[in-house]
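Have a look at upload.cif below; it lists mmCIF, C-alpha atoms.
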data_input
#
loop_
_atom_site.label_atom_id
_atom_site.label_comp_id
_atom_site.auth_asym_id
_atom_site.auth_seq_id
_atom_site.Cartn_x
_atom_site.Cartn_y
_atom_site.Cartn_z
CA MET A 1 83.83 -297.58 -152.87
CA PRO A 2 81.68 -300.25 -151.19
CA LEU A 3 81.14 -300.13 -147.45
CA LYS A 4 81.88 -303.05 -145.17
CA SER A 5 79.97 -303.93 -142.01
CA TYR A 6 80.81 -306.40 -139.28
CA LYS A 7 79.00 -309.17 -137.48
CA PRO A 8 78.20 -307.37 -134.20
CA LYS A 9 80.19 -309.18 -131.53
CA THR A 10 80.67 -306.00 -129.47
CA PRO A 11 78.53 -302.87 -128.97
CA GLY A 12 81.05 -300.83 -131.00
CA THR A 13 80.59 -302.97 -134.11
CA LEU A 14 76.79 -302.97 -133.98
CA GLN A 15 76.35 -299.86 -136.16
CA MET A 16 79.92 -299.52 -137.45
CA THR A 17 80.66 -299.42 -141.18
CA VAL A 18 84.03 -298.86 -142.82
CA SER A 19 85.38 -298.56 -146.34
CA ASP A 20 86.64 -301.81 -147.79
CA PHE A 21 89.70 -299.92 -149.15
CA SER A 22 89.57 -302.07 -152.27
CA GLU A 23 90.74 -299.18 -154.45
CA LEU A 24 94.04 -298.79 -152.57
CA THR A 25 97.09 -300.37 -154.18
CA ARG A 26 99.57 -300.18 -151.28
CA SER A 27 99.68 -299.51 -147.55
CA ARG A 28 102.53 -296.98 -147.27
CA PRO A 29 102.73 -293.45 -148.73
CA GLU A 30 105.46 -291.99 -150.93
CA LYS A 31 108.14 -291.06 -148.40
CA SER A 32 109.47 -288.11 -150.41
CA LEU A 33 106.00 -286.50 -150.37
CA THR A 34 105.31 -286.79 -146.61
CA VAL A 35 106.24 -284.45 -143.78
CA GLY A 36 105.61 -284.56 -140.06
CA LYS A 37 102.40 -283.03 -138.74
CA ARG A 38 102.26 -281.52 -135.29
CA ALA A 39 98.96 -281.61 -133.42
CA THR A 40 97.64 -278.25 -132.22
CA GLY A 41 94.99 -279.35 -129.72
CA GLY A 42 92.84 -276.49 -130.98
CA ARG A 43 95.41 -273.87 -129.86
CA ASN A 44 96.86 -270.95 -131.80
CA ASN A 45 100.45 -269.68 -131.83
CA HIS A 46 99.91 -268.02 -128.43
CA GLY A 47 98.81 -271.29 -126.83
CA ARG A 48 95.21 -270.18 -126.39
CA ILE A 49 92.32 -272.47 -127.30
CA THR A 50 90.62 -271.07 -130.40
CA THR A 51 88.74 -274.25 -131.35
CA ARG A 52 87.15 -276.09 -128.45
CA PHE A 53 86.85 -279.86 -128.00
CA ARG A 54 90.00 -280.81 -129.90
CA GLY A 55 92.90 -282.93 -128.71
CA GLY A 56 94.42 -286.39 -128.69
CA GLY A 57 94.04 -288.58 -131.74
CA VAL A 58 96.50 -290.78 -133.56
CA LYS A 59 99.69 -289.39 -135.07
CA ARG A 60 99.56 -288.63 -138.79
CA CYS A 61 101.99 -287.77 -141.55
CA LEU A 62 100.99 -284.91 -143.84
CA ARG A 63 100.88 -285.79 -147.54
CA ILE A 64 102.01 -282.98 -149.86
CA VAL A 65 99.21 -282.69 -152.42
CA ASP A 66 99.61 -280.78 -155.69
CA PHE A 67 96.65 -278.39 -155.78
CA ARG A 68 98.20 -276.13 -158.43
CA ARG A 69 98.54 -278.67 -161.26
CA ASP A 70 100.92 -276.30 -163.05
CA LYS A 71 103.06 -278.93 -164.77
CA ASP A 72 101.61 -278.33 -168.24
CA GLY A 73 102.29 -280.52 -171.23
CA VAL A 74 104.08 -283.30 -169.33
CA PRO A 75 102.22 -286.64 -169.29
CA ALA A 76 101.99 -288.48 -165.99
CA LYS A 77 101.17 -292.10 -165.23
CA VAL A 78 99.05 -293.07 -162.24
CA ALA A 79 101.36 -295.34 -160.24
CA HIS A 80 99.37 -295.89 -157.03
CA ILE A 81 96.13 -295.05 -155.25
CA ASP A 82 97.04 -294.16 -151.65
CA TYR A 83 95.17 -293.55 -148.40
CA ASP A 84 95.35 -290.13 -146.73
CA PRO A 85 94.40 -289.96 -143.03
CA ASN A 86 94.02 -286.17 -143.23
CA ARG A 87 91.09 -286.17 -145.69
CA ASN A 88 88.22 -288.42 -146.76
CA ALA A 89 89.32 -288.52 -150.42
CA ARG A 90 91.95 -290.86 -151.82
CA LEU A 91 95.23 -289.70 -153.40
CA ALA A 92 96.63 -290.69 -156.77
CA LEU A 93 100.43 -290.79 -157.07
CA LEU A 94 101.56 -289.48 -160.46
CA HIS A 95 104.90 -290.39 -162.03
CA TYR A 96 105.68 -287.69 -164.59
CA ALA A 97 107.68 -288.41 -167.72
CA ASP A 98 110.58 -286.25 -166.46
CA GLY A 99 110.86 -288.31 -163.25
CA GLU A 100 108.98 -286.05 -160.81
CA LYS A 101 106.36 -287.50 -158.48
CA ARG A 102 103.27 -285.67 -157.21
CA TYR A 103 100.10 -286.47 -155.31
CA ILE A 104 96.69 -285.33 -156.59
CA LEU A 105 93.13 -285.94 -155.42
CA CYS A 106 91.92 -289.18 -156.99
CA PRO A 107 88.75 -288.58 -159.08
CA VAL A 108 86.04 -291.12 -159.85
CA GLY A 109 87.12 -293.40 -162.69
CA VAL A 110 90.89 -292.91 -162.37
CA LYS A 111 92.83 -296.12 -161.85
CA VAL A 112 96.41 -297.35 -161.84
CA GLY A 113 97.99 -297.20 -165.29
CA ASP A 114 96.00 -294.22 -166.58
CA THR A 115 97.84 -291.31 -168.19
CA LEU A 116 96.91 -287.82 -167.02
CA MET A 117 97.99 -284.38 -168.16
CA SER A 118 97.40 -280.73 -167.34
CA GLY A 119 97.34 -277.75 -169.65
CA PRO A 120 95.43 -276.54 -172.73
CA GLY A 121 96.18 -279.64 -174.79
CA ALA A 122 94.77 -282.16 -172.33
CA GLU A 123 91.74 -284.34 -173.05
CA PHE A 124 88.39 -283.86 -171.32
CA LYS A 125 88.65 -286.91 -169.07
CA PRO A 126 88.65 -287.32 -165.26
CA GLY A 127 91.90 -286.29 -163.63
CA ASN A 128 93.10 -283.86 -166.28
CA SER A 129 93.49 -280.25 -165.22
CA MET A 130 93.20 -277.06 -167.25
CA LYS A 131 91.99 -273.48 -167.09
CA LEU A 132 88.27 -272.73 -167.05
CA ALA A 133 88.76 -270.96 -170.38
CA ASP A 134 89.56 -274.35 -171.99
CA ILE A 135 86.66 -276.29 -170.39
CA PRO A 136 83.28 -276.18 -172.19
CA PRO A 137 80.04 -275.49 -170.26
CA GLY A 138 78.26 -278.50 -168.80
CA VAL A 139 81.43 -280.33 -167.78
CA GLN A 140 81.71 -281.52 -164.17
CA ILE A 141 84.78 -280.23 -162.33
CA HIS A 142 86.41 -280.26 -158.90
CA ALA A 143 89.54 -278.81 -157.23
CA ILE A 144 88.63 -275.31 -158.40
CA GLU A 145 90.80 -272.25 -157.92
CA LEU A 146 89.37 -268.89 -156.86
CA LEU A 147 92.53 -266.91 -157.67
CA PRO A 148 94.72 -267.82 -160.68
CA GLY A 149 97.82 -269.72 -159.60
CA LYS A 150 96.93 -269.88 -155.90
CA GLY A 151 95.82 -273.52 -155.96
CA ALA A 152 92.52 -275.33 -155.61
CA VAL A 153 90.33 -274.33 -152.66
CA ILE A 154 86.84 -275.41 -153.78
CA GLY A 155 85.57 -278.98 -154.26
CA ARG A 156 88.30 -280.97 -152.54
CA ALA A 157 86.30 -283.30 -150.25
CA ALA A 158 85.15 -286.79 -151.18
CA GLY A 159 82.25 -286.80 -153.65
CA GLN A 160 82.38 -283.04 -154.31
CA VAL A 161 81.63 -281.83 -157.84
CA GLY A 162 80.90 -278.50 -159.51
CA GLU A 163 79.72 -277.55 -162.98
CA ILE A 164 80.45 -274.79 -165.46
CA ARG A 165 77.15 -273.14 -166.41
CA ALA A 166 78.22 -270.42 -168.86
CA LYS A 167 81.03 -268.03 -169.81
CA GLU A 168 80.94 -264.32 -170.40
CA GLY A 169 84.01 -262.15 -170.86
CA GLU A 170 86.70 -262.83 -168.28
CA TYR A 171 84.44 -264.87 -165.99
CA ALA A 172 82.72 -268.23 -165.95
CA GLN A 173 79.54 -269.07 -164.06
CA VAL A 174 80.34 -272.07 -161.88
CA LYS A 175 77.82 -273.98 -159.80
CA MET A 176 79.63 -274.85 -156.59
CA PRO A 177 79.19 -278.15 -154.70
CA SER A 178 77.03 -276.23 -152.18
CA GLY A 179 74.64 -275.10 -154.93
CA GLU A 180 75.93 -271.53 -154.99
CA ILE A 181 76.48 -270.02 -158.45
CA ARG A 182 79.58 -267.87 -158.54
CA LEU A 183 81.65 -265.94 -161.07
CA ILE A 184 85.24 -267.22 -161.32
CA ASN A 185 88.01 -265.88 -163.52
CA ILE A 186 88.55 -268.09 -166.57
CA ALA A 187 92.30 -268.07 -165.87
CA CYS A 188 91.67 -270.23 -162.77
CA ARG A 189 92.29 -273.95 -163.05
CA ALA A 190 89.99 -276.86 -162.32
CA THR A 191 90.18 -280.64 -162.64
CA ILE A 192 87.74 -282.66 -164.74
CA GLY A 193 85.46 -285.12 -162.94
CA GLN A 194 84.21 -285.77 -159.42
CA VAL A 195 86.31 -286.40 -156.33
CA GLY A 196 86.43 -290.11 -155.55
CA ASN A 197 85.38 -292.09 -152.47
CA VAL A 198 81.81 -290.85 -152.95
CA GLU A 199 80.32 -292.96 -150.15
CA ALA A 200 82.60 -291.51 -147.46
CA SER A 201 79.70 -289.58 -145.92
CA LYS A 202 77.81 -292.82 -145.31
CA VAL A 203 80.47 -294.31 -143.05
CA SER A 204 79.19 -294.87 -139.49
CA LEU A 205 81.87 -294.64 -136.80
CA GLY A 206 79.95 -296.96 -134.47
CA LYS A 207 81.49 -295.85 -131.18
CA ALA A 208 82.75 -292.74 -129.44
CA GLY A 209 86.30 -294.06 -129.37
CA LYS A 210 86.68 -293.75 -133.16
CA LYS A 211 85.84 -290.07 -132.84
CA ARG A 212 88.67 -289.74 -130.32
CA TYR A 213 91.07 -291.39 -132.78
CA LYS A 214 90.33 -288.50 -135.15
CA GLY A 215 91.30 -285.91 -132.55
CA PHE A 216 87.84 -284.82 -131.38
CA ARG A 217 87.08 -284.56 -127.66
CA PRO A 218 83.57 -284.71 -126.16
CA HIS A 219 81.41 -281.71 -127.01
CA VAL A 220 79.72 -280.22 -123.95
CA ARG A 221 76.31 -278.56 -124.47
CA GLY A 222 75.85 -275.04 -123.22
CA VAL A 223 72.56 -275.79 -121.45
CA VAL A 224 74.29 -278.14 -119.00
CA MET A 225 76.89 -275.54 -118.00
CA ASN A 226 76.70 -272.98 -115.21
CA PRO A 227 75.58 -269.41 -115.98
CA ILE A 228 79.14 -268.14 -115.57
CA ASP A 229 80.35 -270.50 -118.30
CA HIS A 230 77.61 -270.09 -120.92
CA PRO A 231 74.66 -267.72 -121.59
CA MET A 232 72.35 -270.74 -121.87
CA GLY A 233 73.53 -272.35 -118.63
CA GLY A 234 71.88 -272.51 -115.24
CA GLY A 235 68.28 -272.94 -114.17
CA GLU A 236 66.41 -275.63 -112.29
CA GLY A 237 66.07 -278.71 -114.44
CA ARG A 238 66.48 -278.65 -118.20
CA THR A 239 66.10 -275.18 -119.63
CA SER A 240 67.63 -273.20 -122.46
CA GLY A 241 67.73 -270.02 -120.42
CA GLY A 242 64.73 -268.37 -122.07
CA GLY A 243 66.82 -266.96 -124.90
CA HIS A 244 67.81 -267.88 -128.42
CA PRO A 245 70.60 -270.43 -128.96
CA ARG A 246 73.97 -268.71 -128.88
CA SER A 247 77.68 -269.30 -128.45
CA PRO A 248 79.53 -268.83 -125.13
CA TRP A 249 80.39 -265.30 -126.27
CA GLY A 250 76.81 -264.33 -127.16
CA GLN A 251 76.90 -264.89 -130.94
CA LEU A 252 73.48 -266.04 -132.17
CA ALA A 253 73.65 -269.59 -133.51
CA LYS A 254 70.51 -269.90 -135.68
CA GLY A 255 69.33 -267.63 -138.49
CA PHE A 256 71.87 -264.88 -137.80
CA LYS A 257 73.86 -263.99 -140.93
CA THR A 258 77.56 -263.97 -140.13
CA ARG A 259 78.86 -262.95 -143.58
CA LYS A 260 80.11 -259.36 -143.73
CA PRO A 261 77.65 -257.31 -145.84
CA LYS A 262 80.44 -255.27 -147.45
CA LYS A 263 82.73 -258.21 -148.25
CA SER A 264 84.41 -257.57 -151.61
CA SER A 265 83.74 -261.04 -153.04
CA THR A 266 79.96 -260.69 -152.64
CA ARG A 267 79.71 -259.16 -156.11
CA PHE A 268 80.89 -262.46 -157.62
CA ILE A 269 78.01 -264.46 -156.10
CA LEU A 270 75.08 -264.66 -158.52
CA GLU A 271 72.92 -267.03 -156.49
CA ARG A 272 73.30 -268.14 -152.90
CA ARG A 273 73.26 -271.80 -151.95
CA LYS A 274 69.92 -273.50 -151.43
CA LYS A 275 68.79 -273.70 -147.83
#
What is this structure when it is put down as structure tokens?
Amino acid sequence: MPLKSYKPKTPGTLQMTVSDFSELTRSRPEKSLTVGKRATGGRNNHGRITTRFRGGGVKRCLRIVDFRRDKDGVPAKVAHIDYDPNRNARLALLHYADGEKRYILCPVGVKVGDTLMSGPGAEFKPGNSMKLADIPPGVQIHAIELLPGKGAVIGRAAGQVGEIRAKEGEYAQVKMPSGEIRLINIACRATIGQVGNVEASKVSLGKAGKKRYKGFRPHVRGVVMNPIDHPMGGGEGRTSGGGHPRSPWGQLAKGFKTRKPKKSSTRFILERRKK
């Protein structure tokens, strides 16, 4: 995905870069696979703000993406490559041989007209999905399940890729996109290849307004607040309050381990991610 820059006629276009969207094949999504999405403004079901500095943004339709890939043995043809405003990866619309349509994350190398399949009889090519038991070590994967049948939760962002290192018994050693090496049940599914739109992280928004389009409001630093509003607030001039950086509720922000030491899934982590 090449990036496109503009001749700077305004301050907003001076540093702005965007995708050229050359891989997209149409401008509208599949209507049967879209539902309305209601903005939360960072609030929970009680109306209380649980995530600060959220609100506004453009309206979006939610695309229903197939993260389970449980339609085994049925070939599917890639009909379109679509844009999804809710993620930085592109979506591939599959037309299955029995007439069903589903969205999947579009991997690198998949184009319109390709035939994809899921299940034990599928080829080892980008876009095909199968269980870890059927994938040999050394193969790059994405859209990885952590619990069999629950759906992919790991490696779903643009450019993300993992790798199977080894297998032993009921578990496979998988190197996660973060660098962590983890044991995952071989009954879990994964998709071959790397998630597309690799250069999404290099896009420069160029102006604050584009951040507002995405639903983010201005982030206020704690050191500029009053002491009643933040532990790091107050003082004459610029000061951090004489203490370590922390959240408004006193949680240390740097170097403090927040993972629960007795969390049950810790035994599946062989090597933590590189710092």
- Pairwise distance, CA of Tyr6 in chain A with CA of Ser201 in chain A, equals 18.1 Å
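With the shown file loaded, the PyMOL selection byres ((chain A and resi 49-64) around 6) picks out Leu33, Thr34, Val35, Gly36, Lys37, Gly41, Gly42, Arg43, Arg48, Val65, Arg212, Tyr213, Lys214, Gly215, Phe216, Arg217 and His219 of chain A.
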- Query: Leaving out Val139 in chain A and any residue of its chain fewer than 4 positions from it, which residues lie within 9 Å of it when counting only C-alpha atoms, given as a PyMOL selection string?
  - Reply: chain A and resi 124+135+162-165+192-193
Taking only residues of range 76-156 of chain A that have an atom at most 7 Å from an atom of range 175-187 of chain A, what is each one's shortest atom pair and its distance in Å to one decimal, using all atoms listed in the file, in chain and number order, as a tab-separated table?
residue	atom	partner	partner_atom	distance
A:Lys131	CA	A:Ala187	CA	5.6
A:Leu132	CA	A:Ile186	CA	4.7
A:Ala133	CA	A:Ile186	CA	4.8
A:Leu146	CA	A:Ile184	CA	6.3
A:Pro148	CA	A:Ala187	CA	5.7
A:Gly155	CA	A:Pro177	CA	6.4
- Neighbours of Val78 in chain A within 7 Å (only C-alpha atoms; same-chain residues fewer than 4 positions away dropped), as a PyMOL selection string? chain A and resi 92-95+111-115
- Task: Tell me which protein, DNA and RNA residues are within 12 Å of Ala122 in chain A, counting only C-alpha atoms, leaving out same-chain ones fewer than 4 positions away, and put them as a VMD selection string.
- Result: chain A and resid 71 to 76 115 to 118 126 to 131 134 to 135 191 to 192
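If you measure from each of A:Gly235, A:Ala200, A:Ala166, A:Ala158 to Asp20 in chain A using only C-alpha atoms, the closest one turns out to be A:Ala200.
CA of Pro245 in chain A is found 13.6 Å from CA of Met225 in chain A.
As for CA of Ser247 in chain A and CA of Ala208 in chain A, they are spaced 24.0 Å apart.
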- Would you please work out which residue, of A:Ala157, A:Glu236, A:Pro120, A:Val198, is nearest to Asn86 in chain A when using only C-alpha atoms? A:Ala157
Could you tell me which residues the PyMOL selection byres ((chain A and resi 17) around 10) grabs in this file, written as an mmCIF file with C-alpha atoms, keeping the file's coordinate frame?
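Full text of selection-v8.cif as output:
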data_model
loop_
_atom_site.group_PDB
_atom_site.id
_atom_site.type_symbol
_atom_site.label_atom_id
_atom_site.label_comp_id
_atom_site.auth_asym_id
_atom_site.auth_seq_id
_atom_site.Cartn_x
_atom_site.Cartn_y
_atom_site.Cartn_z
ATOM 1 C CA LEU A 3 81.140 -300.130 -147.450
ATOM 2 C CA LYS A 4 81.880 -303.050 -145.170
ATOM 3 C CA SER A 5 79.970 -303.930 -142.010
ATOM 4 C CA TYR A 6 80.810 -306.400 -139.280
ATOM 5 C CA THR A 13 80.590 -302.970 -134.110
ATOM 6 C CA LEU A 14 76.790 -302.970 -133.980
ATOM 7 C CA GLN A 15 76.350 -299.860 -136.160
ATOM 8 C CA MET A 16 79.920 -299.520 -137.450
ATOM 9 C CA VAL A 18 84.030 -298.860 -142.820
ATOM 10 C CA SER A 19 85.380 -298.560 -146.340
ATOM 11 C CA ASP A 20 86.640 -301.810 -147.790
ATOM 12 C CA LYS A 202 77.810 -292.820 -145.310
ATOM 13 C CA VAL A 203 80.470 -294.310 -143.050
ATOM 14 C CA SER A 204 79.190 -294.870 -139.490
ATOM 15 C CA LEU A 205 81.870 -294.640 -136.800
ATOM 16 C CA GLY A 206 79.950 -296.960 -134.470
#
Missing atoms in range 68-92 of chain A should be modelled up to N, CA and C atoms and reported as a PDB file, in the coordinates of the input.
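Output (selection.pdb):
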ATOM      1  N   ARG A  68      98.002-277.108-157.359  1.00  0.00           N
ATOM      2  CA  ARG A  68      98.200-276.130-158.430  1.00  0.00           C
ATOM      3  C   ARG A  68      98.087-276.743-159.817  1.00  0.00           C
ATOM      4  N   ARG A  69      98.577-277.964-159.963  1.00  0.00           N
ATOM      5  CA  ARG A  69      98.540-278.670-161.260  1.00  0.00           C
ATOM      6  C   ARG A  69      99.128-277.806-162.368  1.00  0.00           C
ATOM      7  N   ASP A  70     100.299-277.244-162.113  1.00  0.00           N
ATOM      8  CA  ASP A  70     100.920-276.300-163.050  1.00  0.00           C
ATOM      9  C   ASP A  70     101.990-276.934-163.932  1.00  0.00           C
ATOM     10  N   LYS A  71     102.070-278.250-163.931  1.00  0.00           N
ATOM     11  CA  LYS A  71     103.060-278.930-164.770  1.00  0.00           C
ATOM     12  C   LYS A  71     102.427-279.247-166.127  1.00  0.00           C
ATOM     13  N   ASP A  72     102.327-278.219-166.967  1.00  0.00           N
ATOM     14  CA  ASP A  72     101.610-278.330-168.240  1.00  0.00           C
ATOM     15  C   ASP A  72     102.410-279.086-169.283  1.00  0.00           C
ATOM     16  N   GLY A  73     101.685-279.875-170.074  1.00  0.00           N
ATOM     17  CA  GLY A  73     102.290-280.520-171.230  1.00  0.00           C
ATOM     18  C   GLY A  73     103.130-281.744-170.935  1.00  0.00           C
ATOM     19  N   VAL A  74     103.268-282.135-169.686  1.00  0.00           N
ATOM     20  CA  VAL A  74     104.080-283.300-169.330  1.00  0.00           C
ATOM     21  C   VAL A  74     103.145-284.431-168.922  1.00  0.00           C
ATOM     22  N   PRO A  75     103.116-285.536-169.659  1.00  0.00           N
ATOM     23  CA  PRO A  75     102.220-286.640-169.290  1.00  0.00           C
ATOM     24  C   PRO A  75     102.675-287.315-168.002  1.00  0.00           C
ATOM     25  N   ALA A  76     101.702-287.816-167.256  1.00  0.00           N
ATOM     26  CA  ALA A  76     101.990-288.480-165.990  1.00  0.00           C
ATOM     27  C   ALA A  76     101.199-289.774-165.915  1.00  0.00           C
ATOM     28  N   LYS A  77     101.817-290.802-165.384  1.00  0.00           N
ATOM     29  CA  LYS A  77     101.170-292.100-165.230  1.00  0.00           C
ATOM     30  C   LYS A  77     100.754-292.299-163.787  1.00  0.00           C
ATOM     31  N   VAL A  78      99.543-292.792-163.588  1.00  0.00           N
ATOM     32  CA  VAL A  78      99.050-293.070-162.240  1.00  0.00           C
ATOM     33  C   VAL A  78      99.725-294.349-161.742  1.00  0.00           C
ATOM     34  N   ALA A  79     100.587-294.197-160.740  1.00  0.00           N
ATOM     35  CA  ALA A  79     101.360-295.340-160.240  1.00  0.00           C
ATOM     36  C   ALA A  79     100.658-296.056-159.099  1.00  0.00           C
ATOM     37  N   HIS A  80     100.021-295.289-158.191  1.00  0.00           N
ATOM     38  CA  HIS A  80      99.370-295.890-157.030  1.00  0.00           C
ATOM     39  C   HIS A  80      98.164-295.064-156.620  1.00  0.00           C
ATOM     40  N   ILE A  81      97.235-295.710-155.937  1.00  0.00           N
ATOM     41  CA  ILE A  81      96.130-295.050-155.250  1.00  0.00           C
ATOM     42  C   ILE A  81      96.388-295.221-153.757  1.00  0.00           C
ATOM     43  N   ASP A  82      96.605-294.118-153.052  1.00  0.00           N
ATOM     44  CA  ASP A  82      97.040-294.160-151.650  1.00  0.00           C
ATOM     45  C   ASP A  82      95.957-293.626-150.725  1.00  0.00           C
ATOM     46  N   TYR A  83      96.057-294.031-149.468  1.00  0.00           N
ATOM     47  CA  TYR A  83      95.170-293.550-148.400  1.00  0.00           C
ATOM     48  C   TYR A  83      95.767-292.294-147.784  1.00  0.00           C
ATOM     49  N   ASP A  84      94.906-291.342-147.417  1.00  0.00           N
ATOM     50  CA  ASP A  84      95.350-290.130-146.730  1.00  0.00           C
ATOM     51  C   ASP A  84      94.528-289.982-145.448  1.00  0.00           C
ATOM     52  N   PRO A  85      95.161-290.077-144.277  1.00  0.00           N
ATOM     53  CA  PRO A  85      94.400-289.960-143.030  1.00  0.00           C
ATOM     54  C   PRO A  85      93.914-288.552-142.731  1.00  0.00           C
ATOM     55  N   ASN A  86      94.383-287.557-143.483  1.00  0.00           N
ATOM     56  CA  ASN A  86      94.020-286.170-143.230  1.00  0.00           C
ATOM     57  C   ASN A  86      92.810-285.703-144.029  1.00  0.00           C
ATOM     58  N   ARG A  87      92.243-286.544-144.872  1.00  0.00           N
ATOM     59  CA  ARG A  87      91.090-286.170-145.690  1.00  0.00           C
ATOM     60  C   ARG A  87      90.284-287.425-145.998  1.00  0.00           C
ATOM     61  N   ASN A  88      89.046-287.254-146.446  1.00  0.00           N
ATOM     62  CA  ASN A  88      88.220-288.420-146.760  1.00  0.00           C
ATOM     63  C   ASN A  88      88.355-288.858-148.211  1.00  0.00           C
ATOM     64  N   ALA A  89      89.076-288.116-149.039  1.00  0.00           N
ATOM     65  CA  ALA A  89      89.320-288.520-150.420  1.00  0.00           C
ATOM     66  C   ALA A  89      90.604-289.347-150.501  1.00  0.00           C
ATOM     67  N   ARG A  90      90.730-290.100-151.570  1.00  0.00           N
ATOM     68  CA  ARG A  90      91.950-290.860-151.820  1.00  0.00           C
ATOM     69  C   ARG A  90      92.929-290.008-152.639  1.00  0.00           C
ATOM     70  N   LEU A  91      94.201-290.403-152.641  1.00  0.00           N
ATOM     71  CA  LEU A  91      95.230-289.700-153.400  1.00  0.00           C
ATOM     72  C   LEU A  91      95.761-290.601-154.504  1.00  0.00           C
ATOM     73  N   ALA A  92      96.022-289.992-155.652  1.00  0.00           N
ATOM     74  CA  ALA A  92      96.630-290.690-156.770  1.00  0.00           C
ATOM     75  C   ALA A  92      98.070-290.206-156.910  1.00  0.00           C
TER      76      ALA A  92
END
